[in-house]
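Here is final_36.cif, consisting of mmCIF, C-alpha atoms:
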```
data_my_file
#
loop_
_atom_site.group_PDB
_atom_site.id
_atom_site.type_symbol
_atom_site.label_atom_id
_atom_site.label_comp_id
_atom_site.auth_asym_id
_atom_site.auth_seq_id
_atom_site.Cartn_x
_atom_site.Cartn_y
_atom_site.Cartn_z
ATOM 1 C CA MET W 37 -2.669 -9.644 7.340
ATOM 2 C CA ALA W 38 -6.076 -8.034 7.687
ATOM 3 C CA ILE W 39 -7.716 -11.444 7.943
ATOM 4 C CA GLU W 40 -5.363 -12.563 10.705
ATOM 5 C CA ASN W 41 -5.135 -9.355 12.754
ATOM 6 C CA GLU W 42 -8.042 -7.182 13.892
ATOM 7 C CA HIS W 43 -5.708 -4.161 14.043
ATOM 8 C CA VAL W 44 -5.023 -4.319 10.304
ATOM 9 C CA THR W 45 -7.539 -3.201 7.692
ATOM 10 C CA ALA W 46 -7.358 -3.545 3.949
ATOM 11 C CA ASP W 47 -9.401 -2.063 1.117
ATOM 12 C CA VAL W 48 -9.400 -3.248 -2.466
ATOM 13 C CA ILE W 49 -10.487 -0.599 -4.943
ATOM 14 C CA GLU W 50 -11.455 -1.014 -8.592
ATOM 15 C CA VAL W 51 -9.869 2.148 -9.971
ATOM 16 C CA ASN W 52 -12.050 2.123 -13.096
ATOM 17 C CA GLU W 53 -15.032 2.651 -10.798
ATOM 18 C CA PHE W 54 -13.286 5.253 -8.618
ATOM 19 C CA PRO W 55 -11.171 7.427 -10.928
ATOM 20 C CA HIS W 56 -10.721 10.085 -8.246
ATOM 21 C CA LEU W 57 -8.847 7.524 -6.129
ATOM 22 C CA ALA W 58 -6.756 6.481 -9.115
ATOM 23 C CA GLN W 59 -5.768 10.109 -9.534
ATOM 24 C CA ARG W 60 -5.224 10.710 -5.802
ATOM 25 C CA TYR W 61 -2.845 7.747 -5.507
ATOM 26 C CA ALA W 62 -1.290 8.172 -8.974
ATOM 27 C CA ILE W 63 -2.167 4.639 -10.060
ATOM 28 C CA ARG W 64 0.037 3.674 -13.001
ATOM 29 C CA GLY W 65 0.150 -0.067 -12.406
ATOM 30 C CA VAL W 66 -1.540 -2.733 -10.344
ATOM 31 C CA PRO W 67 -1.492 -3.968 -7.768
ATOM 32 C CA LYS W 68 -0.496 -0.788 -5.968
ATOM 33 C CA THR W 69 -0.175 -0.975 -2.214
ATOM 34 C CA VAL W 70 -0.348 2.119 -0.017
ATOM 35 C CA ILE W 71 0.424 1.697 3.674
ATOM 36 C CA ASN W 72 -0.599 4.395 6.165
ATOM 37 C CA GLU W 73 -0.524 6.993 3.381
ATOM 38 C CA SER W 74 3.280 7.046 3.735
ATOM 39 C CA VAL W 75 4.756 4.039 1.930
ATOM 40 C CA GLU W 76 3.656 2.746 -1.445
ATOM 41 C CA PHE W 77 4.818 0.246 -4.019
ATOM 42 C CA VAL W 78 3.590 -1.319 -7.237
ATOM 43 C CA GLY W 79 3.506 -4.998 -8.063
ATOM 44 C CA SER W 80 3.913 -8.204 -6.198
ATOM 45 C CA VAL W 81 6.870 -8.346 -3.831
ATOM 46 C CA PRO W 82 8.416 -11.145 -1.797
ATOM 47 C CA GLU W 83 7.072 -11.502 1.737
ATOM 48 C CA ARG W 84 10.268 -10.164 3.345
ATOM 49 C CA ASP W 85 10.112 -7.008 1.183
ATOM 50 C CA PHE W 86 6.422 -6.553 2.020
ATOM 51 C CA LEU W 87 7.293 -6.806 5.716
ATOM 52 C CA ALA W 88 10.081 -4.241 5.276
ATOM 53 C CA HIS W 89 7.557 -1.822 3.700
ATOM 54 C CA ILE W 90 5.193 -2.339 6.629
ATOM 55 C CA GLN W 91 7.962 -1.761 9.153
ATOM 56 C CA ARG W 92 9.002 1.434 7.371
ATOM 57 C CA ALA W 93 5.399 2.689 7.332
ATOM 58 C CA ALA W 94 5.052 1.930 11.050
ATOM 59 C CA SER W 95 8.260 3.710 12.009
ATOM 60 C CA PRO W 96 8.022 7.295 13.282
ATOM 61 C CA SER W 97 9.954 8.499 10.240
ATOM 62 C CA GLY W 98 8.002 6.378 7.696
ATOM 63 C CA SER W 99 8.780 7.923 4.360
ATOM 64 C CA SER W 100 6.970 7.792 1.041
ATOM 65 C CA SER W 101 8.732 5.456 -1.300
ATOM 66 C CA GLU W 102 7.830 3.618 -4.454
ATOM 67 C CA LEU W 103 9.876 0.661 -5.548
#
```

Conversion result in structure tokens:
Amino acid sequence: MAIENEHVTADVIEVNEFPHLAQRYAIRGVPKTVINESVEFVGSVPERDFLAHIQRAASPSGSSSEL
């Protein structure tokens, strides 16, 4: 998404090099995706589920959720 849309940014972090980020985001498995600091999930998900996470994060009531 970040490649295709200038309004989307993405960061990939090597948690072994940044342990404070691993602690901050409670990394227990990879990949872990955090969207707008409000929605997060671990692992690979189907495209439709990924889109649902993005929509939830973009909604005014975007809630933190880990699947």

Convert the output of the PyMOL selection byres ((chain W and resi 70-72) around 8) on the shown file into explicit residues, formatted as a ChimeraX atom specification.
/W:68-69,73-77,89-90,93-94

I'd like to see the residues matched by the PyMOL selection byres ((chain W and resi 51) around 12) on this file, and ideally I'd get them as a list in words.
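For this structure, the PyMOL selection byres ((chain W and resi 51) around 12) captures Asp47, Val48, Ile49, Glu50, Asn52, Glu53, Phe54, Pro55, His56, Leu57, Ala58, Gln59, Arg60, Tyr61, Ala62, Ile63, Arg64, Gly65, Val66, Pro67 and Lys68 of chain W.
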
Would you give the centre and edge lengths, in Å to one decimal, of a box along x, y and z around the listed atoms of stretch 64-72 of chain W, with 5 Å added to each side, as lines of an AutoDock Vina configuration file?
```
center_x = -0.6
center_y = 0.2
center_z = -3.4
size_x = 12.0
size_y = 18.4
size_z = 29.2
```

Distance query W:Met37 at most 12 Å, all atoms listed in the file, self and fewer than 3 positions along chain excluded, as a PDB file with C-alpha atoms, keeping the file's coordinate frame:
```pdb
ATOM      1  CA  GLU W  40      -5.363 -12.563  10.705  1.00  0.00           C
ATOM      2  CA  ASN W  41      -5.135  -9.355  12.754  1.00  0.00           C
ATOM      3  CA  GLU W  42      -8.042  -7.182  13.892  1.00  0.00           C
ATOM      4  CA  HIS W  43      -5.708  -4.161  14.043  1.00  0.00           C
ATOM      5  CA  VAL W  44      -5.023  -4.319  10.304  1.00  0.00           C
ATOM      6  CA  THR W  45      -7.539  -3.201   7.692  1.00  0.00           C
ATOM      7  CA  ALA W  46      -7.358  -3.545   3.949  1.00  0.00           C
ATOM      8  CA  ASP W  47      -9.401  -2.063   1.117  1.00  0.00           C
ATOM      9  CA  GLU W  83       7.072 -11.502   1.737  1.00  0.00           C
ATOM     10  CA  PHE W  86       6.422  -6.553   2.020  1.00  0.00           C
ATOM     11  CA  LEU W  87       7.293  -6.806   5.716  1.00  0.00           C
ATOM     12  CA  ILE W  90       5.193  -2.339   6.629  1.00  0.00           C
TER      13      ILE W  90
END
```
